Structures are given as C-alpha cells and as structure tokens.
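Since the structure comes first, as structure tokens, the remarks are kept for the end.
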Amino acid sequence: MHELQQRSDLPAGLLEVSARDIHRILPGPTLIDLPGERGDTLFVSILQHGNEDTGLRAVQRLLRDYMGRTLPRPLTLFIANPMAAAAGQRRLDDQPDFNRCWPGTEMETNGATEMLAEVLALTEQRPLFASVDIHNTSGRSPSYAGVNILDDTCLQLAARFASTAVYFTRPRGLQAQAFLGLCPAVILECGRPGDETGIAATHAYLDDLLHLEAIPRTPPTTNELELLQSVGLVQVPHNVRFGFADGNGAEDLELALDPELDRLNFRQLPAGTAFGRVSTGHWPVRMVGPAGNEITEEFFEVSDGTLRLRRSSMPSLLTRDPRIVRQDCLCHLMEALERPAIV
C-alpha cells in the first residue's frame, strides 16, 4: 500500500493524463488542497475504483476552466487508487475495496483503512461545504445519486445531480458514510465510463457546487426527486461457479446468469422474473438486508432449475462483468420510498 501523499498544487500533466497513466504522475493515493475565493471547502473523491474514470475526466474539465483563476470556493481533491486505474480494474487482487475501508467499516484494520482514516482526520480540520464521491456503473444504467441518510441537505445535493436517488446503508465503510459527521455527502453514479453525457453532467454539477452559497435545508419536492431505498444487497457466494451464459458453457456453471441481465436495472420487475439457470443443490445467491440479516428466501426462489424473483422488486448495479460481481455484488434490490408530498 502506497502512503498518502499531500499537495497544495496541481502536478504538471494532471489535467491531461488518462486514468490508465495517472500513476506516472501520482504513484499512490493523493490529497490535493486548492484554495478558493470564499466559503467552506468542497471535498471530491475520484478513482476509488480504478476502472471508473468519469470523476477524473469531469474534474480535469472543471480545473481547466479555472486555469489562471482562483476557484470560487476551496476544493480538496482525493485521487484514491491510481494503482488500480493503471490496470483498468476496480481494485487490484491484493487490495481491499477502498470504498469499503473508511472509518465505520466492518473490515479488519489494514493498510487501506489506516490510510483512509488519515484522509478523514486531515480533512476534518477544515470547515466543509459538502462531500461528493464520484463513481460509474459497469452495467447499463441511468445516472443517479446515492445517499446514506435521509437528510434534507443530502437529498438536495442528490436532486441537483439527478432526478433519482437511492437511499442505502449497506455496504459499510463508504466514503460518504464517513463524511456525514462533517458535512452533507452524496454519491454520484454517472453511467458507464466514457459516457459523454455523464462526464458533462458531473462537470456541470461540480461547477454548480463551487458557486452555490448554501445548500437548501428543505426537502426536494417529489417532482424534483424520486427516492428509492435498497432493501437488500445480493451477492454470489464465493463457492458458487457462475458466469453469464445462455448456451455454450452454461452446463459447466452452477449459476448461469442471463447475459443481458443488466438491461433490467431500474425496471420494476414482476415476481417470477428469471435471473439465470441453477444446477446446484445450495443457494446460488445470498441477500442481506439493511440490518445485516439474511433475507434471500424473501426475495428469491429456485423453481424448475431457474433463479427467480419471489416478489416484485427493482434492481440496480446489475453488471455483465463477473470480476465485478465477485469483488462487489450482483445487485441491490430496491423499492420506492414513500415521502409526504411536498409541492
């Protein structure tokens, strides 16, 4: 694990470099503090997952806009995992997931948890305006925001980025969760890497926050923000042989998932929707609720050799990348979160 580096300037080449080559400029996790004209500091984290480069590309555009000028407010930029970015991977095989290692994590202490605790300790020494953690999805998905608390200022941050937000409390150890004691925090899911719409929207969003004098403390209206809540995190157990196959090769898998499964993201699915074929006597997936309790059989069933939803639900984070399923999850299942109508 590389030690945390701190800077108060932009290293040469940072605003042009690709995520794959950023390790040539920043070999490890780096915290960059940039001054601003007034106000509290905006904290932005990017590349917590090395294959998710929209944050880097949006920040590069933003800072090029202000070349030769002072930013409207101070900006602290955390560039988390250049090592994984060099490999084009979410994380390296010998690394934990950085966005599961922040204070509050359920992981045992390791090099990443110590480094990220240092980032938090350094950052909490200054007044913070907001925290923005920027990510991509690997499957087909609209852009949306994530929040870890139903706080009006966090929901306002979400609504300024997208018309949909997902409230979730698992997994633990997320950057946004750790910063909630310091300032409002939001997670941006900006579509797939390289998507120009996501990059442009993220660039505009960050510029908006640099100019925003205060975050409204009233909740967004139901017209401004559709709010969903995760009712559980679905994972494939490590002892289950799985893949994405609907024909050749499926016979060698215990769980042969539909190769087009990510088309179901953010769609309300009826009970009985098939996820894939099963050829094992034990459960091919495990679902854990917000309290950490197992709820697999409430939401899934195996009938006629097929894994199906037992009840209507809406998935997010479905992907067709087996490596990401192993390193993270198969999906979240979500339901609408009813709020009093605000008009």
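Starting from 1 in every chain, residues are counted up; chains themselves are A, B, ... following the order of the structure tokens, and ligands are numbered from 1 as listed.
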
| said: Need to verify the contact set: Phe179 (chain A), 10 Å, only C-alpha atoms, exclusion of same-chain residues closer than 2 positions in sequence. Can you return it as an NGL selection string? | reply: :A and (43 or 102-103 or 120 or 123-124 or 128 or 130-132 or 174-177 or 181-186)

Using N, CA and C atoms, can you export the residues from the last selection as an mmCIF file, in the first residue's frame?
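Result written to selection15.cif:
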data_model
loop_
_atom_site.group_PDB
_atom_site.id
_atom_site.type_symbol
_atom_site.label_atom_id
_atom_site.label_comp_id
_atom_site.auth_asym_id
_atom_site.auth_seq_id
_atom_site.Cartn_x
_atom_site.Cartn_y
_atom_site.Cartn_z
ATOM 1 N N PHE A 43 -15.253 18.847 -0.873
ATOM 2 C CA PHE A 43 -14.417 17.652 -0.935
ATOM 3 C C PHE A 43 -14.934 16.760 -2.054
ATOM 4 N N TRP A 102 -13.383 2.954 4.757
ATOM 5 C CA TRP A 102 -13.393 4.202 5.518
ATOM 6 C C TRP A 102 -13.837 3.945 6.961
ATOM 7 N N PRO A 103 -13.540 4.865 7.874
ATOM 8 C CA PRO A 103 -13.998 4.691 9.256
ATOM 9 C C PRO A 103 -15.483 4.356 9.318
ATOM 10 N N LEU A 120 -9.515 11.219 6.411
ATOM 11 C CA LEU A 120 -10.624 11.813 7.164
ATOM 12 C C LEU A 120 -10.112 12.750 8.245
ATOM 13 N N THR A 123 -8.908 15.976 6.723
ATOM 14 C CA THR A 123 -9.976 16.761 6.116
ATOM 15 C C THR A 123 -10.864 17.422 7.163
ATOM 16 N N GLU A 124 -11.070 16.760 8.295
ATOM 17 C CA GLU A 124 -11.982 17.313 9.290
ATOM 18 C C GLU A 124 -11.383 18.514 10.025
ATOM 19 N N LEU A 128 -16.146 22.179 6.081
ATOM 20 C CA LEU A 128 -16.512 21.535 4.823
ATOM 21 C C LEU A 128 -17.905 21.966 4.377
ATOM 22 N N ALA A 130 -19.491 20.384 1.467
ATOM 23 C CA ALA A 130 -20.149 19.146 1.048
ATOM 24 C C ALA A 130 -19.087 18.160 0.597
ATOM 25 N N SER A 131 -19.470 16.886 0.546
ATOM 26 C CA SER A 131 -18.610 15.817 0.052
ATOM 27 C C SER A 131 -19.297 15.147 -1.130
ATOM 28 N N VAL A 132 -18.535 14.946 -2.215
ATOM 29 C CA VAL A 132 -19.054 14.307 -3.430
ATOM 30 C C VAL A 132 -18.117 13.166 -3.806
ATOM 31 N N LEU A 174 -18.191 3.181 3.548
ATOM 32 C CA LEU A 174 -18.157 4.042 2.380
ATOM 33 C C LEU A 174 -17.647 5.436 2.745
ATOM 34 N N GLN A 175 -17.054 6.092 1.763
ATOM 35 C CA GLN A 175 -16.551 7.449 1.974
ATOM 36 C C GLN A 175 -17.681 8.387 2.387
ATOM 37 N N ALA A 176 -18.807 8.303 1.708
ATOM 38 C CA ALA A 176 -19.917 9.202 2.016
ATOM 39 C C ALA A 176 -20.420 8.988 3.438
ATOM 40 N N GLN A 177 -20.464 7.751 3.891
ATOM 41 C CA GLN A 177 -20.890 7.469 5.258
ATOM 42 C C GLN A 177 -19.939 8.101 6.264
ATOM 43 N N GLY A 181 -20.638 12.936 9.390
ATOM 44 C CA GLY A 181 -20.461 13.673 10.628
ATOM 45 C C GLY A 181 -19.830 15.036 10.420
ATOM 46 N N LEU A 182 -19.346 15.299 9.211
ATOM 47 C CA LEU A 182 -18.643 16.549 8.921
ATOM 48 C C LEU A 182 -19.434 17.486 8.024
ATOM 49 N N CYS A 183 -20.218 16.925 7.100
ATOM 50 C CA CYS A 183 -20.900 17.751 6.110
ATOM 51 C C CYS A 183 -21.908 16.899 5.357
ATOM 52 N N PRO A 184 -22.815 17.505 4.592
ATOM 53 C CA PRO A 184 -23.671 16.708 3.713
ATOM 54 C C PRO A 184 -22.820 15.935 2.700
ATOM 55 N N ALA A 185 -23.243 14.728 2.381
ATOM 56 C CA ALA A 185 -22.448 13.878 1.495
ATOM 57 C C ALA A 185 -23.366 13.174 0.507
ATOM 58 N N VAL A 186 -22.859 13.024 -0.714
ATOM 59 C CA VAL A 186 -23.627 12.371 -1.771
ATOM 60 C C VAL A 186 -22.687 11.517 -2.616
#

| task | Write out as a ChimeraX atom specification which residues come within 9 Å of Leu4 (chain A) when counting only C-alpha atoms, dropping same-chain ones fewer than 2 positions away. | result | /A:2,6,28-31,115-116,118-119

Can you write out the residues you just picked, keeping N, CA and C atoms, as a tab-separated table (two decimals), in the first residue's frame?
chain	number	residue	atom	x	y	z
A	2	HIS	N	0.69	2.12	-0.97
A	2	HIS	CA	1.43	3.37	-1.02
A	2	HIS	C	0.94	4.30	0.08
A	6	GLN	N	0.33	14.34	0.08
A	6	GLN	CA	-0.42	15.58	0.19
A	6	GLN	C	0.22	16.65	-0.67
A	28	GLY	N	0.47	6.98	-5.98
A	28	GLY	CA	-0.39	6.42	-4.94
A	28	GLY	C	-1.48	7.39	-4.55
A	29	PRO	N	-2.26	7.06	-3.52
A	29	PRO	CA	-3.35	7.93	-3.08
A	29	PRO	C	-2.84	9.34	-2.76
A	30	THR	N	-3.56	10.34	-3.25
A	30	THR	CA	-3.09	11.72	-3.14
A	30	THR	C	-4.23	12.65	-2.76
A	31	LEU	N	-3.97	13.52	-1.81
A	31	LEU	CA	-4.90	14.54	-1.35
A	31	LEU	C	-4.37	15.89	-1.81
A	115	MET	N	-4.90	4.36	5.93
A	115	MET	CA	-4.69	5.49	5.04
A	115	MET	C	-5.94	6.34	4.93
A	116	LEU	N	-7.10	5.72	4.83
A	116	LEU	CA	-8.34	6.48	4.67
A	116	LEU	C	-8.76	7.15	5.97
A	118	GLU	N	-6.59	8.45	7.88
A	118	GLU	CA	-5.73	9.63	7.84
A	118	GLU	C	-6.35	10.72	6.96
A	119	VAL	N	-6.92	10.32	5.82
A	119	VAL	CA	-7.59	11.29	4.94
A	119	VAL	C	-8.71	11.99	5.71

| Non-local contacts of Ile149 (chain A) (9 Å; only C-alpha atoms; under 6 positions in same chain excluded) as a PyMOL selection string | chain A and resi 155+167-169+177+180+185

| query | Between A:Gly198, A:Asp151, A:Trp283, A:Met314, which is the closest to Pro270 (chain A) once you count only C-alpha atoms? | reply |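 Closest residue, counting only C-alpha atoms: A:Met314.
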
| message | Which residues are close to Arg286 (chain A), i.e. within 7 Å by only C-alpha atoms, leaving aside same-chain residues fewer than 5 positions away? Reply as a list in words. | response |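 Neighbouring residues, sequence-local ones excluded: Val234, Gln235, Val236, Pro237 and Thr296 of chain A.
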
Written file, previous selection with N, CA and C atoms, as a CSV table (one decimal), in the first residue's frame:
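Saved to part-v5.csv:
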chain,number,residue,atom,x,y,z
A,234,VAL,N,-27.4,-8.2,-2.9
A,234,VAL,CA,-27.4,-9.5,-3.4
A,234,VAL,C,-26.0,-9.9,-3.9
A,235,GLN,N,-25.4,-11.0,-3.4
A,235,GLN,CA,-24.1,-11.4,-3.7
A,235,GLN,C,-24.1,-12.9,-4.1
A,236,VAL,N,-23.1,-13.2,-4.9
A,236,VAL,CA,-22.9,-14.6,-5.3
A,236,VAL,C,-21.9,-15.2,-4.4
A,237,PRO,N,-22.2,-16.3,-3.6
A,237,PRO,CA,-21.2,-16.8,-2.7
A,237,PRO,C,-20.0,-17.3,-3.4
A,296,THR,N,-32.6,-13.8,1.8
A,296,THR,CA,-32.6,-14.4,0.5
A,296,THR,C,-33.9,-15.0,0.1

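If you measure from each of A:Leu307, A:Ala178, A:Leu71, A:Ala200 to Glu37 (chain A) using only C-alpha atoms, the closest one turns out to be A:Leu71.
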
| said: For the helix (DSSP H, G or I) assignment from backbone DSSP, which residues of region 84-282 of chain A qualify? Please present them as a ChimeraX atom specification. | reply: /A:84-87,98-100,111-123,152-161,175-179,196-211,250-252,261-264

Would you write out those residues with C-alpha atoms, as a compact mmCIF listing (two decimals), in the first residue's frame?
# COMPACT_ATOMS: atom_id res chain seq x y z
CA ALA A 84 -5.91 0.07 -9.88
CA ALA A 85 -6.55 2.74 -12.54
CA ALA A 86 -3.29 1.73 -14.25
CA ALA A 87 -4.68 -1.78 -14.61
CA PHE A 98 -11.16 1.28 -0.95
CA ASN A 99 -14.81 2.30 -0.73
CA ARG A 100 -15.40 -0.29 1.98
CA GLY A 111 -3.19 -0.51 5.14
CA ALA A 112 -6.16 0.96 3.29
CA THR A 113 -8.26 1.52 6.43
CA GLU A 114 -5.34 3.31 8.08
CA MET A 115 -4.69 5.49 5.04
CA LEU A 116 -8.34 6.48 4.67
CA ALA A 117 -8.64 7.24 8.38
CA GLU A 118 -5.73 9.63 7.84
CA VAL A 119 -7.59 11.29 4.94
CA LEU A 120 -10.62 11.81 7.16
CA ALA A 121 -8.52 13.16 10.05
CA LEU A 122 -6.76 15.66 7.78
CA THR A 123 -9.98 16.76 6.12
CA ASP A 152 -32.71 17.22 3.56
CA THR A 153 -29.35 18.74 2.60
CA CYS A 154 -28.09 15.38 1.29
CA LEU A 155 -31.30 14.96 -0.71
CA GLN A 156 -30.86 18.46 -2.12
CA LEU A 157 -27.33 17.54 -3.23
CA ALA A 158 -28.77 14.44 -4.89
CA ALA A 159 -31.55 16.36 -6.66
CA ARG A 160 -29.08 18.85 -8.15
CA PHE A 161 -27.43 15.94 -9.98
CA GLN A 175 -16.55 7.45 1.97
CA ALA A 176 -19.92 9.20 2.02
CA GLN A 177 -20.89 7.47 5.26
CA ALA A 178 -17.64 8.52 6.94
CA PHE A 179 -18.13 12.19 6.00
CA GLU A 196 -20.04 11.84 -22.53
CA THR A 197 -23.41 12.66 -21.02
CA GLY A 198 -22.24 11.52 -17.58
CA ILE A 199 -18.95 13.41 -17.83
CA ALA A 200 -20.66 16.64 -18.90
CA ALA A 201 -23.32 16.36 -16.17
CA THR A 202 -20.69 15.73 -13.49
CA HIS A 203 -18.57 18.65 -14.69
CA ALA A 204 -21.59 20.99 -14.55
CA TYR A 205 -22.61 19.65 -11.13
CA LEU A 206 -19.21 20.32 -9.56
CA ASP A 207 -19.12 23.83 -11.03
CA ASP A 208 -22.59 24.43 -9.59
CA LEU A 209 -21.42 23.44 -6.10
CA LEU A 210 -18.37 25.68 -6.34
CA HIS A 211 -20.72 28.64 -6.86
CA ALA A 250 -23.67 -22.88 -19.27
CA GLU A 251 -23.54 -26.59 -18.44
CA ASP A 252 -20.27 -26.07 -16.51
CA LEU A 261 -29.23 -9.15 -17.14
CA ASP A 262 -28.10 -5.52 -16.83
CA ARG A 263 -30.95 -4.44 -19.10
CA LEU A 264 -33.16 -4.86 -16.01

DSSP says strand (DSSP E) for which residues of region 125-313 of chain A? Put them as a compact mmCIF listing (two decimals) with N, CA and C atoms, in the first residue's frame?
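Output (states.txt):
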# COMPACT_ATOMS: atom_id res chain seq x y z
N LEU A 128 -16.15 22.18 6.08
CA LEU A 128 -16.51 21.53 4.82
C LEU A 128 -17.90 21.97 4.38
N PHE A 129 -18.05 22.20 3.08
CA PHE A 129 -19.32 22.57 2.49
C PHE A 129 -20.13 21.32 2.14
N ALA A 130 -19.49 20.38 1.47
CA ALA A 130 -20.15 19.15 1.05
C ALA A 130 -19.09 18.16 0.60
N SER A 131 -19.47 16.89 0.55
CA SER A 131 -18.61 15.82 0.05
C SER A 131 -19.30 15.15 -1.13
N VAL A 132 -18.54 14.95 -2.21
CA VAL A 132 -19.05 14.31 -3.43
C VAL A 132 -18.12 13.17 -3.81
N ASP A 133 -18.65 11.96 -3.84
CA ASP A 133 -17.88 10.78 -4.22
C ASP A 133 -18.38 10.31 -5.58
N ILE A 134 -17.48 10.26 -6.58
CA ILE A 134 -17.90 10.06 -7.97
C ILE A 134 -17.56 8.66 -8.45
N HIS A 135 -18.56 7.99 -9.01
CA HIS A 135 -18.42 6.61 -9.47
C HIS A 135 -19.06 6.42 -10.84
N TYR A 144 -27.63 8.37 -11.50
CA TYR A 144 -28.44 8.61 -10.31
C TYR A 144 -27.53 8.97 -9.15
N ALA A 145 -28.12 9.40 -8.05
CA ALA A 145 -27.37 9.75 -6.85
C ALA A 145 -27.63 8.73 -5.76
N GLY A 146 -26.67 8.58 -4.86
CA GLY A 146 -26.84 7.72 -3.70
C GLY A 146 -26.69 8.53 -2.43
N VAL A 147 -27.52 8.22 -1.44
CA VAL A 147 -27.43 8.87 -0.13
C VAL A 147 -27.48 7.80 0.95
N THR A 164 -33.30 10.91 -9.73
CA THR A 164 -33.49 9.70 -8.94
C THR A 164 -32.36 9.57 -7.93
N ALA A 165 -32.70 9.20 -6.71
CA ALA A 165 -31.70 8.92 -5.68
C ALA A 165 -32.05 7.60 -5.00
N VAL A 166 -31.00 6.89 -4.60
CA VAL A 166 -31.16 5.62 -3.89
C VAL A 166 -30.60 5.79 -2.48
N TYR A 167 -31.43 5.47 -1.50
CA TYR A 167 -31.01 5.50 -0.10
C TYR A 167 -30.61 4.09 0.31
N ALA A 185 -23.24 14.73 2.38
CA ALA A 185 -22.45 13.88 1.49
C ALA A 185 -23.37 13.17 0.51
N VAL A 186 -22.86 13.02 -0.71
CA VAL A 186 -23.63 12.37 -1.77
C VAL A 186 -22.69 11.52 -2.62
N ILE A 187 -23.25 10.47 -3.22
CA ILE A 187 -22.54 9.61 -4.15
C ILE A 187 -23.14 9.82 -5.53
N LEU A 188 -22.29 10.01 -6.54
CA LEU A 188 -22.77 10.14 -7.90
C LEU A 188 -22.47 8.86 -8.67
N GLU A 189 -23.48 8.27 -9.27
CA GLU A 189 -23.31 7.15 -10.19
C GLU A 189 -23.59 7.69 -11.59
N GLU A 226 -37.18 11.47 -7.29
CA GLU A 226 -37.76 10.17 -6.99
C GLU A 226 -36.81 9.45 -6.04
N LEU A 227 -37.30 9.00 -4.90
CA LEU A 227 -36.46 8.40 -3.89
C LEU A 227 -36.75 6.91 -3.77
N LEU A 228 -35.72 6.11 -3.97
CA LEU A 228 -35.79 4.67 -3.82
C LEU A 228 -34.95 4.26 -2.62
N GLN A 229 -35.26 3.10 -2.04
CA GLN A 229 -34.43 2.59 -0.96
C GLN A 229 -34.00 1.16 -1.28
N SER A 230 -32.76 0.87 -0.96
CA SER A 230 -32.28 -0.50 -1.10
C SER A 230 -32.87 -1.35 0.02
N VAL A 231 -33.47 -2.47 -0.35
CA VAL A 231 -33.99 -3.40 0.66
C VAL A 231 -33.05 -4.57 0.86
N GLY A 232 -31.97 -4.62 0.07
CA GLY A 232 -31.01 -5.68 0.28
C GLY A 232 -29.92 -5.71 -0.77
N LEU A 233 -28.79 -6.26 -0.38
CA LEU A 233 -27.61 -6.41 -1.22
C LEU A 233 -27.50 -7.88 -1.61
N VAL A 234 -27.42 -8.16 -2.90
CA VAL A 234 -27.39 -9.53 -3.41
C VAL A 234 -25.98 -9.87 -3.88
N GLN A 235 -25.43 -10.95 -3.36
CA GLN A 235 -24.10 -11.39 -3.73
C GLN A 235 -24.12 -12.85 -4.14
N PHE A 242 -20.09 -19.42 -11.28
CA PHE A 242 -21.12 -18.69 -12.01
C PHE A 242 -20.50 -18.00 -13.22
N GLY A 243 -21.35 -17.57 -14.09
CA GLY A 243 -20.94 -16.79 -15.25
C GLY A 243 -22.17 -16.29 -15.97
N PHE A 244 -21.95 -15.62 -17.09
CA PHE A 244 -23.05 -15.11 -17.89
C PHE A 244 -23.10 -15.94 -19.17
N LEU A 255 -24.40 -21.46 -11.57
CA LEU A 255 -25.34 -20.36 -11.79
C LEU A 255 -24.98 -19.71 -13.13
N ALA A 256 -25.84 -19.93 -14.14
CA ALA A 256 -25.64 -19.35 -15.46
C ALA A 256 -26.58 -18.16 -15.60
N LEU A 257 -26.04 -16.99 -15.39
CA LEU A 257 -26.85 -15.77 -15.39
C LEU A 257 -27.15 -15.32 -16.83
N ALA A 274 -36.89 -14.17 -14.24
CA ALA A 274 -35.75 -15.09 -14.19
C ALA A 274 -34.44 -14.32 -14.23
N PHE A 275 -33.49 -14.75 -13.39
CA PHE A 275 -32.14 -14.20 -13.40
C PHE A 275 -31.16 -15.15 -14.07
N GLY A 276 -31.41 -16.46 -14.00
CA GLY A 276 -30.48 -17.40 -14.61
C GLY A 276 -30.83 -18.83 -14.26
N ARG A 277 -30.08 -19.75 -14.85
CA ARG A 277 -30.28 -21.17 -14.63
C ARG A 277 -29.39 -21.65 -13.48
N VAL A 278 -29.92 -22.60 -12.70
CA VAL A 278 -29.24 -23.10 -11.50
C VAL A 278 -29.04 -24.60 -11.62
N ARG A 286 -26.97 -14.87 -2.22
CA ARG A 286 -27.26 -14.54 -0.82
C ARG A 286 -27.64 -13.07 -0.76
N MET A 287 -28.74 -12.77 -0.10
CA MET A 287 -29.20 -11.40 0.01
C MET A 287 -29.24 -11.00 1.47
N VAL A 288 -28.65 -9.84 1.76
CA VAL A 288 -28.55 -9.33 3.12
C VAL A 288 -29.29 -8.01 3.20
N PHE A 300 -36.06 -14.31 -3.36
CA PHE A 300 -35.70 -15.22 -4.44
C PHE A 300 -36.27 -16.60 -4.20
N GLU A 301 -36.41 -17.35 -5.29
CA GLU A 301 -36.76 -18.76 -5.24
C GLU A 301 -36.08 -19.46 -6.40
N VAL A 302 -35.87 -20.75 -6.25
CA VAL A 302 -35.36 -21.57 -7.33
C VAL A 302 -36.47 -22.55 -7.69
N SER A 303 -36.96 -22.43 -8.91
CA SER A 303 -38.02 -23.33 -9.37
C SER A 303 -37.71 -23.79 -10.79
N THR A 306 -34.43 -22.68 -12.23
CA THR A 306 -34.25 -21.27 -12.58
C THR A 306 -34.32 -20.41 -11.33
N LEU A 307 -33.37 -19.48 -11.22
CA LEU A 307 -33.39 -18.48 -10.14
C LEU A 307 -34.34 -17.37 -10.53
N ARG A 308 -35.37 -17.15 -9.69
CA ARG A 308 -36.39 -16.15 -9.99
C ARG A 308 -36.64 -15.25 -8.79
N LEU A 309 -37.16 -14.05 -9.09
CA LEU A 309 -37.64 -13.19 -8.03
C LEU A 309 -38.91 -13.79 -7.42
